[in-house]
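With TSV, N, CA and C atoms inside, this is final_19.tsv:
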chain	number	residue	atom	x	y	z
A	1	MET	N	118.32	112.21	110.68
A	1	MET	CA	119.77	112.24	110.59
A	1	MET	C	120.33	110.93	111.16
A	2	GLN	N	121.20	110.30	110.39
A	2	GLN	CA	121.77	109.02	110.78
A	2	GLN	C	123.11	109.22	111.46
A	3	GLY	N	123.27	108.62	112.64
A	3	GLY	CA	124.51	108.71	113.38
A	3	GLY	C	125.47	107.59	113.01
A	4	ARG	N	126.62	107.58	113.66
A	4	ARG	CA	127.65	106.61	113.39
A	4	ARG	C	127.19	105.17	113.67
A	5	LEU	N	126.53	104.98	114.80
A	5	LEU	CA	126.08	103.64	115.15
A	5	LEU	C	124.97	103.16	114.21
A	6	SER	N	124.06	104.04	113.86
A	6	SER	CA	122.99	103.69	112.91
A	6	SER	C	123.59	103.28	111.57
A	7	ALA	N	124.60	103.98	111.12
A	7	ALA	CA	125.27	103.63	109.87
A	7	ALA	C	125.93	102.26	109.97
A	8	TRP	N	126.55	101.96	111.11
A	8	TRP	CA	127.19	100.65	111.32
A	8	TRP	C	126.14	99.54	111.31
A	9	LEU	N	125.01	99.76	111.99
A	9	LEU	CA	123.95	98.75	112.01
A	9	LEU	C	123.38	98.54	110.60
A	10	ALA	N	123.19	99.62	109.85
A	10	ALA	CA	122.68	99.52	108.48
A	10	ALA	C	123.67	98.76	107.59
A	11	LYS	N	124.95	99.03	107.77
A	11	LYS	CA	125.98	98.34	106.99
A	11	LYS	C	125.93	96.83	107.22
A	12	HIS	N	125.58	96.43	108.44
A	12	HIS	CA	125.51	95.00	108.79
A	12	HIS	C	124.08	94.46	108.66
A	13	LYS	N	123.20	95.24	108.02
A	13	LYS	CA	121.82	94.85	107.75
A	13	LYS	C	121.05	94.45	109.01
A	14	LEU	N	121.22	95.23	110.07
A	14	LEU	CA	120.50	95.01	111.32
A	14	LEU	C	119.37	96.03	111.41
A	15	ALA	N	118.17	95.53	111.55
A	15	ALA	CA	116.96	96.36	111.51
A	15	ALA	C	116.88	97.32	112.70
A	16	HIS	N	116.66	98.57	112.40
A	16	HIS	CA	116.51	99.61	113.42
A	16	HIS	C	115.92	100.86	112.76
A	17	ARG	N	115.55	101.81	113.59
A	17	ARG	CA	115.06	103.10	113.09
A	17	ARG	C	115.73	104.21	113.88
A	18	PRO	N	116.49	105.07	113.22
A	18	PRO	CA	117.12	106.20	113.94
A	18	PRO	C	116.06	107.20	114.39
A	19	LEU	N	116.17	107.64	115.64
A	19	LEU	CA	115.24	108.63	116.19
A	19	LEU	C	115.91	109.98	116.41
A	20	GLY	N	117.16	110.10	115.98
A	20	GLY	CA	117.87	111.37	116.14
A	20	GLY	C	118.78	111.37	117.34
A	21	PHE	N	118.99	112.56	117.90
A	21	PHE	CA	119.93	112.74	119.00
A	21	PHE	C	119.23	113.51	120.12
A	22	ASP	N	119.59	113.21	121.36
A	22	ASP	CA	119.01	113.97	122.47
A	22	ASP	C	119.80	115.26	122.68
A	23	TYR	N	119.45	116.00	123.71
A	23	TYR	CA	120.07	117.31	123.95
A	23	TYR	C	121.56	117.23	124.27
A	24	GLN	N	122.05	116.04	124.67
A	24	GLN	CA	123.49	115.87	124.94
A	24	GLN	C	124.24	115.27	123.76
A	25	GLY	N	123.53	115.05	122.65
A	25	GLY	CA	124.16	114.49	121.47
A	25	GLY	C	124.20	112.97	121.45
A	26	THR	N	123.45	112.32	122.34
A	26	THR	CA	123.41	110.86	122.38
A	26	THR	C	122.47	110.34	121.30
A	27	GLU	N	122.98	109.45	120.49
A	27	GLU	CA	122.18	108.86	119.42
A	27	GLU	C	121.08	107.98	120.02
A	28	THR	N	119.87	108.10	119.47
A	28	THR	CA	118.73	107.32	119.95
A	28	THR	C	118.19	106.47	118.80
A	29	LEU	N	118.00	105.17	119.09
A	29	LEU	CA	117.53	104.23	118.08
A	29	LEU	C	116.30	103.49	118.57
A	30	GLN	N	115.40	103.19	117.64
A	30	GLN	CA	114.24	102.36	117.95
A	30	GLN	C	114.50	100.97	117.40
A	31	ILE	N	114.25	99.95	118.23
A	31	ILE	CA	114.46	98.56	117.85
A	31	ILE	C	113.15	97.82	118.08
A	32	LYS	N	112.77	96.95	117.15
A	32	LYS	CA	111.59	96.12	117.35
A	32	LYS	C	111.91	95.03	118.36
A	33	SER	N	110.92	94.64	119.13
A	33	SER	CA	111.10	93.64	120.16
A	33	SER	C	111.71	92.34	119.60
A	34	GLU	N	111.23	91.91	118.45
A	34	GLU	CA	111.72	90.66	117.87
A	34	GLU	C	113.17	90.76	117.37
A	35	ASP	N	113.67	91.96	117.18
A	35	ASP	CA	115.06	92.16	116.73
A	35	ASP	C	116.01	92.47	117.88
A	36	TRP	N	115.50	92.65	119.10
A	36	TRP	CA	116.29	93.14	120.21
A	36	TRP	C	117.47	92.24	120.57
A	37	VAL	N	117.30	90.93	120.57
A	37	VAL	CA	118.41	90.04	120.96
A	37	VAL	C	119.58	90.17	119.99
A	38	SER	N	119.31	90.11	118.70
A	38	SER	CA	120.41	90.19	117.73
A	38	SER	C	121.07	91.57	117.76
A	39	ILE	N	120.30	92.62	117.95
A	39	ILE	CA	120.87	93.97	118.03
A	39	ILE	C	121.68	94.11	119.31
A	40	ALA	N	121.18	93.59	120.43
A	40	ALA	CA	121.90	93.69	121.71
A	40	ALA	C	123.25	92.98	121.61
A	41	VAL	N	123.28	91.80	121.01
A	41	VAL	CA	124.55	91.08	120.83
A	41	VAL	C	125.50	91.89	119.95
A	42	ALA	N	124.97	92.44	118.87
A	42	ALA	CA	125.79	93.25	117.96
A	42	ALA	C	126.35	94.48	118.68
A	43	LEU	N	125.54	95.12	119.51
A	43	LEU	CA	126.02	96.30	120.25
A	43	LEU	C	127.11	95.92	121.23
A	44	TYR	N	126.98	94.77	121.88
A	44	TYR	CA	128.01	94.31	122.80
A	44	TYR	C	129.31	94.03	122.04
A	45	VAL	N	129.20	93.39	120.89
A	45	VAL	CA	130.38	93.10	120.07
A	45	VAL	C	131.01	94.41	119.59
A	46	TYR	N	130.18	95.40	119.27
A	46	TYR	CA	130.65	96.72	118.82
A	46	TYR	C	131.43	97.43	119.93
A	47	GLY	N	131.16	97.04	121.19
A	47	GLY	CA	131.90	97.63	122.29
A	47	GLY	C	131.06	98.24	123.40
A	48	PHE	N	129.74	98.19	123.27
A	48	PHE	CA	128.88	98.74	124.33
A	48	PHE	C	128.82	97.71	125.46
A	49	ASN	N	129.80	97.81	126.35
A	49	ASN	CA	130.01	96.80	127.39
A	49	ASN	C	129.39	97.18	128.73
A	50	TYR	N	128.69	98.30	128.81
A	50	TYR	CA	128.14	98.75	130.08
A	50	TYR	C	126.71	99.23	129.90
A	51	LEU	N	125.78	98.61	130.62
A	51	LEU	CA	124.40	99.07	130.66
A	51	LEU	C	124.29	100.08	131.78
A	52	ARG	N	124.22	101.35	131.42
A	52	ARG	CA	124.17	102.42	132.43
A	52	ARG	C	122.83	102.43	133.14
A	53	SER	N	121.75	102.26	132.38
A	53	SER	CA	120.43	102.19	133.01
A	53	SER	C	119.44	101.58	132.05
A	54	GLN	N	118.39	101.05	132.62
A	54	GLN	CA	117.24	100.56	131.88
A	54	GLN	C	116.02	101.07	132.61
A	55	CYS	N	115.07	101.59	131.88
A	55	CYS	CA	113.83	102.06	132.49
A	55	CYS	C	112.70	101.81	131.50
A	56	ALA	N	111.50	102.09	131.92
A	56	ALA	CA	110.35	101.95	131.04
A	56	ALA	C	109.38	103.08	131.32
A	57	TYR	N	108.57	103.40	130.33
A	57	TYR	CA	107.57	104.44	130.54
A	57	TYR	C	106.34	104.18	129.69
A	58	ASP	N	105.27	104.80	130.10
A	58	ASP	CA	103.99	104.74	129.42
A	58	ASP	C	104.01	105.85	128.37
A	59	VAL	N	104.00	105.50	127.09
A	59	VAL	CA	104.13	106.50	126.04
A	59	VAL	C	102.92	107.43	126.01
A	60	ALA	N	101.72	106.87	126.11
A	60	ALA	CA	100.50	107.68	126.14
A	60	ALA	C	99.41	106.87	126.84
A	61	PRO	N	98.46	107.52	127.48
A	61	PRO	CA	97.39	106.77	128.13
A	61	PRO	C	96.68	105.85	127.13
A	62	GLY	N	96.67	104.57	127.44
A	62	GLY	CA	96.05	103.59	126.55
A	62	GLY	C	96.90	103.23	125.35
A	63	GLY	N	98.06	103.87	125.21
A	63	GLY	CA	98.93	103.61	124.07
A	63	GLY	C	99.98	102.55	124.37
A	64	CYS	N	101.06	102.62	123.67
A	64	CYS	CA	102.11	101.61	123.84
A	64	CYS	C	103.02	101.94	125.03
A	65	LEU	N	103.87	100.97	125.35
A	65	LEU	CA	104.86	101.11	126.42
A	65	LEU	C	106.24	101.12	125.78
A	66	ALA	N	107.20	101.71	126.47
A	66	ALA	CA	108.57	101.76	125.96
A	66	ALA	C	109.54	101.27	127.02
A	67	SER	N	110.47	100.44	126.59
A	67	SER	CA	111.58	100.02	127.44
A	67	SER	C	112.82	100.70	126.88
A	68	VAL	N	113.55	101.39	127.73
A	68	VAL	CA	114.67	102.23	127.29
A	68	VAL	C	115.96	101.72	127.91
A	69	TYR	N	116.98	101.57	127.07
A	69	TYR	CA	118.29	101.10	127.51
A	69	TYR	C	119.33	102.18	127.18
A	70	HIS	N	120.10	102.58	128.17
A	70	HIS	CA	121.20	103.53	127.98
A	70	HIS	C	122.49	102.74	128.08
A	71	LEU	N	123.17	102.61	126.94
A	71	LEU	CA	124.39	101.81	126.87
A	71	LEU	C	125.61	102.71	126.69
A	72	THR	N	126.72	102.27	127.26
A	72	THR	CA	127.96	103.03	127.18
A	72	THR	C	129.08	102.14	126.66
A	73	ARG	N	129.86	102.70	125.79
A	73	ARG	CA	131.04	102.03	125.24
A	73	ARG	C	132.25	102.64	125.93
A	74	ILE	N	132.84	101.87	126.83
A	74	ILE	CA	134.00	102.35	127.58
A	74	ILE	C	135.25	101.67	127.03
A	75	ARG	N	136.16	102.46	126.54
A	75	ARG	CA	137.41	101.92	126.00
A	75	ARG	C	138.55	102.40	126.89
A	76	ASP	N	139.76	102.33	126.39
A	76	ASP	CA	140.93	102.73	127.17
A	76	ASP	C	140.82	104.17	127.67
A	77	ASN	N	140.27	105.04	126.85
A	77	ASN	CA	140.12	106.44	127.24
A	77	ASN	C	138.73	106.62	127.86
A	78	ALA	N	138.61	106.34	129.15
A	78	ALA	CA	137.32	106.38	129.83
A	78	ALA	C	136.77	107.80	129.96
A	79	ASN	N	137.58	108.80	129.65
A	79	ASN	CA	137.10	110.18	129.72
A	79	ASN	C	136.17	110.55	128.58
A	80	GLU	N	136.18	109.74	127.51
A	80	GLU	CA	135.34	110.03	126.34
A	80	GLU	C	134.51	108.80	125.95
A	81	PRO	N	133.60	108.38	126.81
A	81	PRO	CA	132.79	107.21	126.46
A	81	PRO	C	131.77	107.55	125.37
A	82	GLU	N	131.44	106.57	124.58
A	82	GLU	CA	130.39	106.72	123.57
A	82	GLU	C	129.11	106.15	124.15
A	83	GLU	N	127.99	106.83	123.94
A	83	GLU	CA	126.73	106.39	124.51
A	83	GLU	C	125.67	106.27	123.43
A	84	VAL	N	124.69	105.40	123.70
A	84	VAL	CA	123.55	105.23	122.81
A	84	VAL	C	122.31	104.96	123.67
A	85	CYS	N	121.19	105.40	123.18
A	85	CYS	CA	119.91	105.16	123.84
A	85	CYS	C	119.07	104.29	122.91
A	86	ILE	N	118.63	103.14	123.42
A	86	ILE	CA	117.82	102.21	122.64
A	86	ILE	C	116.40	102.22	123.21
A	87	LYS	N	115.41	102.34	122.32
A	87	LYS	CA	114.01	102.30	122.75
A	87	LYS	C	113.32	101.14	122.05
A	88	VAL	N	112.68	100.31	122.87
A	88	VAL	CA	111.90	99.18	122.34
A	88	VAL	C	110.45	99.44	122.74
A	89	PHE	N	109.60	99.65	121.74
A	89	PHE	CA	108.18	99.92	121.98
A	89	PHE	C	107.37	98.64	121.85
A	90	VAL	N	106.42	98.43	122.77
A	90	VAL	CA	105.54	97.26	122.73
A	90	VAL	C	104.11	97.69	123.02
A	91	SER	N	103.17	96.93	122.51
A	91	SER	CA	101.76	97.23	122.78
A	91	SER	C	101.40	96.73	124.18
A	92	ARG	N	100.36	97.28	124.74
A	92	ARG	CA	99.90	96.83	126.05
A	92	ARG	C	99.39	95.39	125.99
A	93	GLU	N	98.81	95.02	124.87
A	93	GLU	CA	98.25	93.68	124.72
A	93	GLU	C	99.33	92.61	124.60
A	94	ASN	N	100.47	92.94	124.06
A	94	ASN	CA	101.56	91.98	123.89
A	94	ASN	C	102.86	92.64	124.37
A	95	SER	N	102.92	92.88	125.67
A	95	SER	CA	104.07	93.61	126.23
A	95	SER	C	105.19	92.66	126.64
A	96	LYS	N	105.78	92.01	125.62
A	96	LYS	CA	106.88	91.08	125.86
A	96	LYS	C	108.12	91.55	125.11
A	97	ILE	N	109.23	91.54	125.82
A	97	ILE	CA	110.53	91.92	125.24
A	97	ILE	C	111.54	90.88	125.71
A	98	PRO	N	112.42	90.42	124.82
A	98	PRO	CA	113.47	89.50	125.28
A	98	PRO	C	114.38	90.20	126.29
A	99	SER	N	114.70	89.51	127.37
A	99	SER	CA	115.59	90.07	128.39
A	99	SER	C	117.02	90.13	127.85
A	100	CYS	N	117.76	91.13	128.29
A	100	CYS	CA	119.17	91.24	127.89
A	100	CYS	C	120.11	90.91	129.05
A	101	VAL	N	119.58	90.21	130.06
A	101	VAL	CA	120.38	89.87	131.25
A	101	VAL	C	121.59	89.01	130.90
A	102	ARG	N	121.47	88.16	129.89
A	102	ARG	CA	122.61	87.30	129.52
A	102	ARG	C	123.72	88.10	128.87
A	103	ILE	N	123.42	89.31	128.42
A	103	ILE	CA	124.44	90.17	127.80
A	103	ILE	C	124.97	91.17	128.82
A	104	TRP	N	124.05	91.87	129.50
A	104	TRP	CA	124.41	92.84	130.53
A	104	TRP	C	123.75	92.40	131.84
A	105	LYS	N	124.51	91.86	132.74
A	105	LYS	CA	123.98	91.31	134.00
A	105	LYS	C	123.23	92.37	134.82
A	106	GLY	N	123.63	93.61	134.69
A	106	GLY	CA	123.00	94.69	135.44
A	106	GLY	C	121.54	94.94	135.07
A	107	ALA	N	121.07	94.33	134.00
A	107	ALA	CA	119.67	94.52	133.59
A	107	ALA	C	118.71	93.75	134.47
A	108	ASN	N	119.21	92.81	135.26
A	108	ASN	CA	118.36	91.94	136.06
A	108	ASN	C	117.38	92.72	136.93
A	109	PHE	N	117.88	93.51	137.83
A	109	PHE	CA	117.02	94.27	138.74
A	109	PHE	C	116.19	95.29	137.98
A	110	GLN	N	116.81	95.96	137.01
A	110	GLN	CA	116.12	97.04	136.31
A	110	GLN	C	114.95	96.55	135.48
A	111	GLU	N	115.12	95.42	134.78
A	111	GLU	CA	114.01	94.86	134.01
A	111	GLU	C	112.89	94.36	134.94
A	112	ARG	N	113.26	93.80	136.09
A	112	ARG	CA	112.24	93.35	137.04
A	112	ARG	C	111.44	94.55	137.56
A	113	GLU	N	112.11	95.66	137.79
A	113	GLU	CA	111.40	96.85	138.25
A	113	GLU	C	110.45	97.38	137.17
A	114	SER	N	110.88	97.33	135.90
A	114	SER	CA	110.00	97.76	134.81
A	114	SER	C	108.78	96.85	134.72
A	115	TYR	N	108.97	95.56	135.00
A	115	TYR	CA	107.83	94.64	135.03
A	115	TYR	C	106.87	95.03	136.17
A	116	ASP	N	107.44	95.28	137.35
A	116	ASP	CA	106.61	95.64	138.51
A	116	ASP	C	105.84	96.93	138.28
A	117	MET	N	106.46	97.90	137.64
A	117	MET	CA	105.83	99.21	137.46
A	117	MET	C	104.83	99.25	136.30
A	118	LEU	N	105.18	98.60	135.17
A	118	LEU	CA	104.35	98.73	133.97
A	118	LEU	C	103.84	97.41	133.39
A	119	GLY	N	104.32	96.28	133.91
A	119	GLY	CA	103.85	94.99	133.42
A	119	GLY	C	104.50	94.52	132.14
A	120	ILE	N	105.64	95.10	131.77
A	120	ILE	CA	106.37	94.60	130.60
A	120	ILE	C	107.05	93.30	131.02
A	121	PHE	N	106.79	92.23	130.29
A	121	PHE	CA	107.36	90.92	130.60
A	121	PHE	C	108.65	90.73	129.81
A	122	TYR	N	109.75	90.53	130.52
A	122	TYR	CA	111.05	90.33	129.88
A	122	TYR	C	111.32	88.83	129.82
A	123	GLU	N	111.21	88.29	128.61
A	123	GLU	CA	111.35	86.86	128.40
A	123	GLU	C	112.79	86.41	128.50
A	124	LYS	N	112.98	85.30	129.17
A	124	LYS	CA	114.31	84.71	129.30
A	124	LYS	C	114.75	84.19	127.94
A	125	VAL	N	115.95	84.51	127.53
A	125	VAL	CA	116.50	84.05	126.26
A	125	VAL	C	117.36	82.83	126.57
A	126	ILE	N	117.06	81.72	125.92
A	126	ILE	CA	117.77	80.47	126.20
A	126	ILE	C	119.22	80.53	125.72
A	127	HIS	N	119.45	81.01	124.52
A	127	HIS	CA	120.82	81.10	124.00
A	127	HIS	C	121.03	82.46	123.34
A	128	VAL	N	122.26	82.90	123.38
A	128	VAL	CA	122.60	84.20	122.78
A	128	VAL	C	123.71	83.97	121.78
Show me, as structure tokens, the structure contained in the file I just sent.
Amino acid sequence: MQGRLSAWLAKHKLAHRPLGFDYQGTETLQIKSEDWVSIAVALYVYGFNYLRSQCAYDVAPGGCLASVYHLTRIRDNANEPEEVCIKVFVSRENSKIPSCVRIWKGANFQERESYDMLGIFYEKVIHV
């Protein structure tokens, strides 16, 4: 099932894979590591101006790793924020993801913690 944000990304030809909705109705999308910078910029332009959290987890023993971003779109009516969950999966052998610190400053500590815990390397992006 495609949500509103997935439809917007598809309309603008931005590569992603809808993963459905969580138990609270939050749309979840999968993004490839190489597409993350362009998608992150597009999400910020769309209005997702707040990184609520970033975490990472081990998908399966010996399997891939996931970096998860919970973004919130806060507008004038802060009582009804729109949220999205982004998942970027990487292999253990090539666990590199572009950092989104230049877009959401709050990712700095959180991405460093994901590196410390799971070894995902968040590459510095020179320009956005």
Name all residues at most 5 Å from region 88-101 of chain A (count all atoms listed in the file; drop same-chain ones fewer than 4 positions away) and give them as a ChimeraX atom specification.
-> /A:31,64-67,105,120-124
Chain A: residues DSSP assigns to alpha helix (DSSP H), reported as a ChimeraX atom specification = /A:4-11,36-46,107-118
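Taking CA of Glu34 (chain A) and CA of Ile74 (chain A) as endpoints, the distance between them is 27.0 Å.
In this structure, CA of Asp76 (chain A) sits 16.0 Å away from CA of Tyr44 (chain A).
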Using only N, CA and C atoms: which of A:Arg4, A:Thr28, A:Lys11, A:Ser53 has the shortest distance to Gln110 (chain A) =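 For Gln110 (chain A), the nearest of the given residues is A:Ser53.
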How would you write, as a PyMOL selection string, the set of residues in chain A that DSSP gives as strand (DSSP E)?
-> chain A and resi 17-21+27-31+50-58+65-73+82-90+96-98+121-123
Among the residues A:Gly106, A:Gly3, A:Gly62, A:Gly119, the one that comes closest to Leu19 (chain A) [using only N, CA and C atoms] = A:Gly3
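Distances to Gln30 (chain A) were evaluated for A:Lys13, A:Lys87, A:Arg112, A:Arg102 using all atoms listed in the file, and the minimum falls at A:Lys87.
Distance check against Gly20 (chain A) using all atoms listed in the file: of A:Ile103, A:Met1, A:Glu113, A:Pro81, the minimum falls on A:Met1.
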Take the point (110.0, 105.6, 130.4) as written in the file and pick out every residue within 7 Å of it, counting all atoms listed in the file; give the list as a list in words.
->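 Output: Cys55, Ala56, Tyr57, Asp58, Val59, Ala66, Ser67 and Val68 of chain A.
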Residue subset to file, keeping N, CA and C atoms, as a compact mmCIF listing (two decimals), keeping the file's coordinate frame:
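Writing done, so here's selection.txt:
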# COMPACT_ATOMS: atom_id res chain seq x y z
N CYS A 55 115.07 101.59 131.88
CA CYS A 55 113.83 102.06 132.49
C CYS A 55 112.70 101.81 131.50
N ALA A 56 111.50 102.09 131.92
CA ALA A 56 110.35 101.95 131.04
C ALA A 56 109.38 103.08 131.32
N TYR A 57 108.57 103.40 130.33
CA TYR A 57 107.57 104.44 130.54
C TYR A 57 106.34 104.18 129.69
N ASP A 58 105.27 104.80 130.10
CA ASP A 58 103.99 104.74 129.42
C ASP A 58 104.01 105.85 128.37
N VAL A 59 104.00 105.50 127.09
CA VAL A 59 104.13 106.50 126.04
C VAL A 59 102.92 107.43 126.01
N ALA A 66 107.20 101.71 126.47
CA ALA A 66 108.57 101.76 125.96
C ALA A 66 109.54 101.27 127.02
N SER A 67 110.47 100.44 126.59
CA SER A 67 111.58 100.02 127.44
C SER A 67 112.82 100.70 126.88
N VAL A 68 113.55 101.39 127.73
CA VAL A 68 114.67 102.23 127.29
C VAL A 68 115.96 101.72 127.91
For region 19-38 of chain A, take all atoms listed in the file, fit an axis-aligned box around them, add 6 Å to each of the six sides, then output centre and edge lengths in Å rounded to one decimal, as JSON.
{"center_x": 117.6, "center_y": 103.7, "center_z": 120.3, "size_x": 25.3, "size_y": 39.3, "size_z": 21.3}
Near-Phe48 (chain A) list (5 Å; only N, CA and C atoms; drop same-chain fewer than 4 positions) as a list in words |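 That gives Leu43, Tyr44, Thr72 and Arg73 of chain A.
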To one decimal in Å, tell me the separation between atom C of Ser6 (chain A) and CA of Pro18 (chain A).
->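 Distance between the two atoms: 7.5 Å.
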When distances are computed from all atoms listed in the file, which of A:Tyr23, A:Leu118, A:Glu111, A:Leu71 shows the smallest separation from Leu51 (chain A)?
->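 Under the stated criterion, the closest residue is A:Leu71.
Remark: for Gln54 (chain A), the closest of the candidate residues A:Lys32, A:Val125, A:Arg75, A:Ala107 is A:Ala107 (distances computed over only N, CA and C atoms).
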Missing atoms in region 8-23 of chain A should be modelled up to N, CA, C and O atoms and reported as a PDB file, in the frame of the given file.
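Everything below was put into out-v2.pdb:
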ATOM      1  N   TRP A   8     126.550 101.960 111.110  1.00  0.00           N
ATOM      2  CA  TRP A   8     127.190 100.650 111.320  1.00  0.00           C
ATOM      3  C   TRP A   8     126.140  99.540 111.310  1.00  0.00           C
ATOM      4  O   TRP A   8     126.348  98.496 110.705  1.00  0.00           O
ATOM      5  N   LEU A   9     125.010  99.760 111.990  1.00  0.00           N
ATOM      6  CA  LEU A   9     123.950  98.750 112.010  1.00  0.00           C
ATOM      7  C   LEU A   9     123.380  98.540 110.600  1.00  0.00           C
ATOM      8  O   LEU A   9     123.127  97.406 110.194  1.00  0.00           O
ATOM      9  N   ALA A  10     123.190  99.620 109.850  1.00  0.00           N
ATOM     10  CA  ALA A  10     122.680  99.520 108.480  1.00  0.00           C
ATOM     11  C   ALA A  10     123.670  98.760 107.590  1.00  0.00           C
ATOM     12  O   ALA A  10     123.268  97.929 106.775  1.00  0.00           O
ATOM     13  N   LYS A  11     124.950  99.030 107.770  1.00  0.00           N
ATOM     14  CA  LYS A  11     125.980  98.340 106.990  1.00  0.00           C
ATOM     15  C   LYS A  11     125.930  96.830 107.220  1.00  0.00           C
ATOM     16  O   LYS A  11     126.166  96.046 106.310  1.00  0.00           O
ATOM     17  N   HIS A  12     125.580  96.430 108.440  1.00  0.00           N
ATOM     18  CA  HIS A  12     125.510  95.000 108.790  1.00  0.00           C
ATOM     19  C   HIS A  12     124.080  94.460 108.660  1.00  0.00           C
ATOM     20  O   HIS A  12     123.788  93.367 109.153  1.00  0.00           O
ATOM     21  N   LYS A  13     123.200  95.240 108.020  1.00  0.00           N
ATOM     22  CA  LYS A  13     121.820  94.850 107.750  1.00  0.00           C
ATOM     23  C   LYS A  13     121.050  94.450 109.010  1.00  0.00           C
ATOM     24  O   LYS A  13     120.309  93.468 109.021  1.00  0.00           O
ATOM     25  N   LEU A  14     121.220  95.230 110.070  1.00  0.00           N
ATOM     26  CA  LEU A  14     120.500  95.010 111.320  1.00  0.00           C
ATOM     27  C   LEU A  14     119.370  96.030 111.410  1.00  0.00           C
ATOM     28  O   LEU A  14     119.598  97.241 111.346  1.00  0.00           O
ATOM     29  N   ALA A  15     118.170  95.530 111.550  1.00  0.00           N
ATOM     30  CA  ALA A  15     116.960  96.360 111.510  1.00  0.00           C
ATOM     31  C   ALA A  15     116.880  97.320 112.700  1.00  0.00           C
ATOM     32  O   ALA A  15     117.036  96.896 113.845  1.00  0.00           O
ATOM     33  N   HIS A  16     116.660  98.570 112.400  1.00  0.00           N
ATOM     34  CA  HIS A  16     116.510  99.610 113.420  1.00  0.00           C
ATOM     35  C   HIS A  16     115.920 100.860 112.760  1.00  0.00           C
ATOM     36  O   HIS A  16     115.811 100.921 111.534  1.00  0.00           O
ATOM     37  N   ARG A  17     115.550 101.810 113.590  1.00  0.00           N
ATOM     38  CA  ARG A  17     115.060 103.100 113.090  1.00  0.00           C
ATOM     39  C   ARG A  17     115.730 104.210 113.880  1.00  0.00           C
ATOM     40  O   ARG A  17     115.587 104.280 115.102  1.00  0.00           O
ATOM     41  N   PRO A  18     116.490 105.070 113.220  1.00  0.00           N
ATOM     42  CA  PRO A  18     117.120 106.200 113.940  1.00  0.00           C
ATOM     43  C   PRO A  18     116.060 107.200 114.390  1.00  0.00           C
ATOM     44  O   PRO A  18     115.163 107.551 113.637  1.00  0.00           O
ATOM     45  N   LEU A  19     116.170 107.640 115.640  1.00  0.00           N
ATOM     46  CA  LEU A  19     115.240 108.630 116.190  1.00  0.00           C
ATOM     47  C   LEU A  19     115.910 109.980 116.410  1.00  0.00           C
ATOM     48  O   LEU A  19     115.303 110.873 116.994  1.00  0.00           O
ATOM     49  N   GLY A  20     117.160 110.100 115.980  1.00  0.00           N
ATOM     50  CA  GLY A  20     117.870 111.370 116.140  1.00  0.00           C
ATOM     51  C   GLY A  20     118.780 111.370 117.340  1.00  0.00           C
ATOM     52  O   GLY A  20     119.277 110.327 117.771  1.00  0.00           O
ATOM     53  N   PHE A  21     118.990 112.560 117.900  1.00  0.00           N
ATOM     54  CA  PHE A  21     119.930 112.740 119.000  1.00  0.00           C
ATOM     55  C   PHE A  21     119.230 113.510 120.120  1.00  0.00           C
ATOM     56  O   PHE A  21     118.407 114.376 119.850  1.00  0.00           O
ATOM     57  N   ASP A  22     119.590 113.210 121.360  1.00  0.00           N
ATOM     58  CA  ASP A  22     119.010 113.970 122.470  1.00  0.00           C
ATOM     59  C   ASP A  22     119.800 115.260 122.680  1.00  0.00           C
ATOM     60  O   ASP A  22     120.720 115.577 121.923  1.00  0.00           O
ATOM     61  N   TYR A  23     119.450 116.000 123.710  1.00  0.00           N
ATOM     62  CA  TYR A  23     120.070 117.310 123.950  1.00  0.00           C
ATOM     63  C   TYR A  23     121.560 117.230 124.270  1.00  0.00           C
ATOM     64  O   TYR A  23     122.277 118.216 124.160  1.00  0.00           O
TER      65      TYR A  23
END
